[in-house]
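Structure data follow from input20.json (JSON, C-alpha atoms):
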```
[["chain", "number", "residue", "atom", "x", "y", "z"],
["A", 16, "MET", "CA", 20.72, -83.51, -56.08],
["A", 17, "GLU", "CA", 24.42, -83.81, -55.28],
["A", 18, "ILE", "CA", 26.12, -81.92, -52.46],
["A", 19, "ASN", "CA", 29.83, -81.68, -51.71],
["A", 20, "VAL", "CA", 30.94, -83.19, -48.41],
["A", 21, "LEU", "CA", 32.92, -80.76, -46.24],
["A", 22, "ASN", "CA", 35.18, -81.44, -43.28],
["A", 23, "ILE", "CA", 34.82, -79.51, -40.02],
["A", 24, "LYS", "CA", 37.36, -76.95, -41.27],
["A", 25, "GLY", "CA", 34.99, -75.99, -44.10],
["A", 26, "GLN", "CA", 37.15, -77.52, -46.84],
["A", 27, "GLU", "CA", 35.82, -79.83, -49.55],
["A", 28, "THR", "CA", 36.81, -83.47, -49.17],
["A", 29, "GLY", "CA", 36.40, -84.30, -52.86],
["A", 30, "ARG", "CA", 33.43, -86.60, -52.15],
["A", 31, "LYS", "CA", 29.85, -85.94, -53.11],
["A", 32, "VAL", "CA", 26.64, -87.20, -51.54],
["A", 33, "THR", "CA", 23.42, -87.67, -53.47],
["A", 34, "LEU", "CA", 20.30, -86.55, -51.61],
["A", 35, "ASN", "CA", 17.38, -88.96, -51.90],
["A", 36, "ASP", "CA", 14.82, -87.43, -54.30],
["A", 37, "ALA", "CA", 11.99, -89.24, -52.49],
["A", 38, "ILE", "CA", 12.79, -87.15, -49.40],
["A", 39, "PHE", "CA", 14.62, -83.99, -50.53],
["A", 40, "GLY", "CA", 13.16, -83.62, -54.01],
["A", 41, "ILE", "CA", 9.38, -83.79, -53.63],
["A", 42, "GLU", "CA", 6.89, -81.01, -54.33],
["A", 43, "PRO", "CA", 6.35, -79.45, -50.85],
["A", 44, "ASN", "CA", 2.81, -79.59, -49.46],
["A", 45, "ASP", "CA", 2.15, -76.37, -47.52],
["A", 46, "HIS", "CA", -1.14, -77.50, -45.97],
["A", 47, "VAL", "CA", 0.43, -80.61, -44.45],
["A", 48, "ILE", "CA", 3.25, -78.47, -43.05],
["A", 49, "TYR", "CA", 0.67, -76.15, -41.51],
["A", 50, "LEU", "CA", -1.18, -79.05, -39.91],
["A", 51, "ASP", "CA", 2.00, -80.49, -38.42],
["A", 52, "THR", "CA", 3.45, -77.23, -37.09],
["A", 53, "ARG", "CA", 0.39, -75.45, -35.74],
["A", 54, "LYS", "CA", 0.16, -75.18, -32.02],
["A", 55, "LEU", "CA", -2.60, -77.23, -30.55],
["A", 56, "GLY", "CA", -4.92, -75.21, -28.35],
["A", 57, "ARG", "CA", -4.74, -77.28, -25.23],
["A", 58, "GLN", "CA", -5.69, -75.68, -21.97],
["A", 59, "LYS", "CA", -5.50, -77.36, -18.62],
["A", 60, "GLY", "CA", -7.73, -76.93, -15.63],
["A", 61, "GLY", "CA", -11.24, -75.63, -15.61],
["A", 62, "GLY", "CA", -14.02, -74.43, -13.40],
["A", 63, "GLY", "CA", -15.14, -75.94, -10.17],
["A", 64, "ALA", "CA", -15.92, -74.96, -6.66],
["A", 65, "ARG", "CA", -13.56, -72.51, -5.05],
["A", 66, "HIS", "CA", -14.58, -72.88, -1.42],
["A", 67, "GLY", "CA", -16.02, -75.71, 0.52],
["A", 68, "ASP", "CA", -17.67, -78.87, -0.71],
["A", 69, "ILE", "CA", -18.21, -79.34, -4.46],
["A", 70, "ASN", "CA", -21.75, -80.63, -3.85],
["A", 71, "SER", "CA", -22.88, -77.35, -2.25],
["A", 72, "PRO", "CA", -24.44, -74.88, -4.76],
["A", 73, "LEU", "CA", -23.75, -72.02, -2.32],
["A", 74, "LEU", "CA", -20.35, -70.43, -2.59],
["A", 75, "ARG", "CA", -19.18, -67.80, -0.20],
["A", 76, "GLY", "CA", -18.63, -64.60, -2.18],
["A", 77, "GLY", "CA", -20.60, -65.87, -5.18],
["A", 78, "GLY", "CA", -19.34, -67.74, -8.24],
["A", 79, "ARG", "CA", -20.40, -70.81, -10.17],
["A", 80, "VAL", "CA", -20.16, -74.28, -8.81],
["A", 81, "PHE", "CA", -19.82, -76.09, -12.12],
["A", 82, "GLY", "CA", -18.47, -73.33, -14.34],
["A", 83, "PRO", "CA", -17.45, -73.70, -17.98],
["A", 84, "LYS", "CA", -14.46, -75.86, -18.82],
["A", 85, "PRO", "CA", -12.21, -75.13, -21.79],
["A", 86, "ARG", "CA", -12.55, -77.56, -24.67],
["A", 87, "ASP", "CA", -9.56, -79.31, -26.22],
["A", 88, "TYR", "CA", -9.51, -78.63, -29.97],
["A", 89, "GLY", "CA", -6.42, -80.73, -30.60],
["A", 90, "PHE", "CA", -6.37, -83.57, -33.10],
["A", 91, "LYS", "CA", -4.08, -86.42, -34.08],
["A", 92, "LEU", "CA", -2.22, -86.59, -37.37],
["A", 93, "ASN", "CA", -1.56, -89.86, -39.15],
["A", 94, "LYS", "CA", 2.00, -91.15, -39.48],
["A", 95, "LYS", "CA", 1.97, -90.75, -43.26],
["A", 96, "VAL", "CA", 0.86, -87.11, -42.98],
["A", 97, "LYS", "CA", 3.62, -86.35, -40.46],
["A", 98, "ALA", "CA", 6.18, -88.04, -42.72],
["A", 99, "LEU", "CA", 4.95, -86.01, -45.71],
["A", 100, "ALA", "CA", 5.29, -82.81, -43.67],
["A", 101, "ARG", "CA", 8.90, -83.66, -42.74],
["A", 102, "LYS", "CA", 9.72, -84.51, -46.35],
["A", 103, "SER", "CA", 8.17, -81.23, -47.49],
["A", 104, "ALA", "CA", 10.21, -79.23, -44.97],
["A", 105, "LEU", "CA", 13.43, -80.99, -46.02],
["A", 106, "SER", "CA", 12.57, -80.34, -49.68],
["A", 107, "TYR", "CA", 12.21, -76.62, -48.95],
["A", 108, "LYS", "CA", 15.67, -76.60, -47.34],
["A", 109, "ALA", "CA", 17.14, -78.43, -50.34],
["A", 110, "GLN", "CA", 15.53, -75.94, -52.76],
["A", 111, "GLU", "CA", 16.99, -73.04, -50.75],
["A", 112, "ASN", "CA", 20.47, -74.68, -50.78],
["A", 113, "ALA", "CA", 20.40, -74.46, -47.00],
["A", 114, "ILE", "CA", 21.78, -77.96, -46.40],
["A", 115, "ILE", "CA", 25.46, -78.54, -45.63],
["A", 116, "VAL", "CA", 26.83, -82.08, -45.43],
["A", 117, "VAL", "CA", 29.92, -82.61, -43.24],
["A", 118, "GLU", "CA", 32.05, -85.59, -42.32],
["A", 119, "ASP", "CA", 31.21, -87.36, -39.10],
["A", 120, "PHE", "CA", 33.01, -85.79, -36.14],
["A", 121, "ASN", "CA", 33.22, -86.03, -32.38],
["A", 122, "PHE", "CA", 34.51, -83.88, -29.54],
["A", 123, "ASP", "CA", 36.77, -85.24, -26.81],
["A", 124, "ALA", "CA", 35.14, -82.95, -24.27],
["A", 125, "PRO", "CA", 32.28, -80.45, -24.39],
["A", 126, "LYS", "CA", 33.76, -77.18, -25.68],
["A", 127, "THR", "CA", 31.50, -74.39, -26.94],
["A", 128, "LYS", "CA", 34.56, -72.71, -28.47],
["A", 129, "GLU", "CA", 35.10, -75.74, -30.76],
["A", 130, "PHE", "CA", 31.47, -75.70, -31.90],
["A", 131, "VAL", "CA", 31.71, -71.96, -32.65],
["A", 132, "ALA", "CA", 34.91, -72.61, -34.63],
["A", 133, "ILE", "CA", 33.10, -75.23, -36.74],
["A", 134, "ALA", "CA", 30.21, -72.80, -37.37],
["A", 135, "GLN", "CA", 32.70, -70.11, -38.46],
["A", 136, "ASN", "CA", 34.56, -72.55, -40.74],
["A", 137, "LEU", "CA", 31.28, -73.56, -42.40],
["A", 138, "LYS", "CA", 30.29, -69.86, -42.67],
["A", 139, "VAL", "CA", 27.05, -70.35, -40.74],
["A", 140, "ASP", "CA", 27.86, -68.31, -37.64],
["A", 141, "GLY", "CA", 25.18, -65.73, -36.90],
["A", 142, "LYS", "CA", 22.47, -67.95, -38.47],
["A", 143, "LYS", "CA", 20.10, -70.40, -36.82],
["A", 144, "VAL", "CA", 21.85, -73.73, -37.22],
["A", 145, "LEU", "CA", 20.25, -77.16, -36.86],
["A", 146, "MET", "CA", 22.97, -79.79, -36.44],
["A", 147, "VAL", "CA", 21.67, -83.27, -37.31],
["A", 148, "LEU", "CA", 23.64, -86.12, -35.73],
["A", 149, "PRO", "CA", 23.22, -89.86, -36.44],
["A", 150, "ASP", "CA", 22.87, -90.79, -32.77],
["A", 151, "ALA", "CA", 23.11, -89.19, -29.34],
["A", 152, "ASN", "CA", 26.45, -87.44, -28.87],
["A", 153, "LYS", "CA", 26.64, -85.84, -25.45],
["A", 154, "ASN", "CA", 29.78, -83.77, -26.05],
["A", 155, "VAL", "CA", 28.48, -82.15, -29.24],
["A", 156, "TYR", "CA", 25.10, -81.50, -27.63],
["A", 157, "LEU", "CA", 26.66, -79.90, -24.55],
["A", 158, "SER", "CA", 28.92, -77.79, -26.77],
["A", 159, "ALA", "CA", 25.95, -76.38, -28.71],
["A", 160, "ARG", "CA", 23.35, -75.91, -25.99],
["A", 161, "ASN", "CA", 24.91, -72.70, -24.69],
["A", 162, "LEU", "CA", 24.51, -70.99, -28.07],
["A", 163, "PRO", "CA", 21.11, -69.36, -28.65],
["A", 164, "LYS", "CA", 21.11, -69.92, -32.43],
["A", 165, "ALA", "CA", 22.38, -73.52, -32.47],
["A", 166, "GLU", "CA", 20.54, -76.74, -31.81],
["A", 167, "CYS", "CA", 21.54, -80.39, -32.08],
["A", 168, "ILE", "CA", 19.05, -83.12, -32.92],
["A", 169, "ILE", "CA", 19.21, -86.85, -33.65],
["A", 170, "ALA", "CA", 18.35, -87.86, -37.23],
["A", 171, "ALA", "CA", 15.49, -90.08, -36.05],
["A", 172, "ASN", "CA", 13.91, -87.10, -34.22],
["A", 173, "VAL", "CA", 13.94, -84.61, -37.11],
["A", 174, "ASN", "CA", 10.64, -82.73, -37.05],
["A", 175, "THR", "CA", 8.97, -80.22, -39.32],
["A", 176, "TYR", "CA", 9.07, -77.21, -37.01],
["A", 177, "LYS", "CA", 12.79, -77.44, -36.20],
["A", 178, "VAL", "CA", 13.71, -77.89, -39.86],
["A", 179, "LEU", "CA", 11.70, -74.85, -40.94],
["A", 180, "ASN", "CA", 12.82, -72.74, -37.97],
["A", 181, "ALA", "CA", 16.51, -73.18, -38.81],
["A", 182, "ASP", "CA", 18.25, -71.01, -41.40],
["A", 183, "VAL", "CA", 20.80, -73.73, -42.23],
["A", 184, "MET", "CA", 20.90, -77.48, -41.63],
["A", 185, "VAL", "CA", 24.28, -79.08, -41.02],
["A", 186, "ILE", "CA", 23.93, -82.83, -41.55],
["A", 187, "THR", "CA", 26.62, -85.46, -41.00],
["A", 188, "GLU", "CA", 27.07, -88.22, -43.57],
["A", 189, "ASN", "CA", 25.70, -90.99, -41.36],
["A", 190, "SER", "CA", 22.71, -88.80, -40.48],
["A", 191, "LEU", "CA", 21.67, -88.80, -44.15],
["A", 192, "LYS", "CA", 21.59, -92.59, -44.07],
["A", 193, "ALA", "CA", 19.52, -92.50, -40.88],
["A", 194, "ILE", "CA", 17.05, -89.98, -42.38],
["A", 195, "ASP", "CA", 16.74, -92.24, -45.45],
["A", 196, "GLY", "CA", 15.99, -95.13, -43.12],
["A", 197, "VAL", "CA", 13.31, -93.21, -41.21],
["A", 198, "LEU", "CA", 11.59, -91.37, -44.07],
["A", 199, "GLY", "CA", 12.64, -93.39, -47.13]]
```
Translate this file's structure into structure tokens.
Amino acid sequence: MEINVLNIKGQETGRKVTLNDAIFGIEPNDHVIYLDTRKLGRQKGGGGARHGDINSPLLRGGGRVFGPKPRDYGFKLNKKVKALARKSALSYKAQENAIIVVEDFNFDAPKTKEFVAIAQNLKVDGKKVLMVLPDANKNVYLSARNLPKAECIIAANVNTYKVLNADVMVITENSLKAIDGVLG
């Protein structure tokens, strides 16, 4: 699948990028996505003595000394299953045409106004936007963190939940190479 590369003003640059079919073109697996995104039922704490020594079966005011403790029903997913879930989520976004590829950019200083201007130029303002950057960029992150519907993430840390939660993904050119390196 080929996508036009845009600049931060929302204009086409004349270049096209081909999305890797091994990542963005697979048949999505819904069950794997469910396993990766479900919240694990982990509860902390538990019973125990409330007053006095734990060895004493007598508690002032009643109660149980060794009461029930919540069980942890969490489980671990294999690396290949997690990778398949991420590929499936990215494939869904590609099928929905919800991926925008932009040229690499940087801010001189953190300015939320500049990030909002980019979102308006790309016609994604008012939508949940996931900005994927190739590496940590403090100024872009600080510019986006004040907006409730915008989030910045590093390409190596792309996860299933954040991809599916966003309405639109804005990916820089170098981020595509990094995603190919991680998932390809």
Box time for region 93-105 of chain A: axis-aligned, enclosing all its listed atoms, 4 Å extra on each side; report centre and edge lengths in Å to one decimal, as lines of an AutoDock Vina configuration file.
```
center_x = 5.9
center_y = -85.2
center_z = -43.3
size_x = 23.0
size_y = 19.9
size_z = 16.3
```
Find the residues near Asp119 (chain A): any atom within 9 Å, counting only C-alpha atoms, skip ones fewer than 6 places away on the same chain, and give them as a PyMOL selection string.
chain A and resi 22-23+148-149+186-190
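Closest to Tyr176 (chain A) among A:Ala104, A:Val32, A:Val47, A:Ile38 is A:Ala104, based on all atoms listed in the file.
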Can you tell me how far CA of Val155 (chain A) sits from CA of Ala100 (chain A), in Å to one decimal?
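Rounded to one decimal, the two atoms are 27.3 Å apart.
Take the candidates A:Asn154, A:Arg101, A:Lys24, A:Glu111 and check each one against Asp195 (chain A) using only C-alpha atoms; the shortest distance goes to A:Arg101.
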For a cut-off of 12 Å around (14.9, -85.1, -29.9), file coordinates, pick out all residues using only C-alpha atoms and list them as a list of chain:residue names.
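Those within range, by chain then number, are A:Leu145, A:Met146, A:Val147, A:Leu148, A:Pro149, A:Asp150, A:Ala151, A:Asn152, A:Tyr156, A:Glu166, A:Cys167, A:Ile168, A:Ile169, A:Ala170, A:Ala171, A:Asn172, A:Val173, A:Asn174, A:Lys177.
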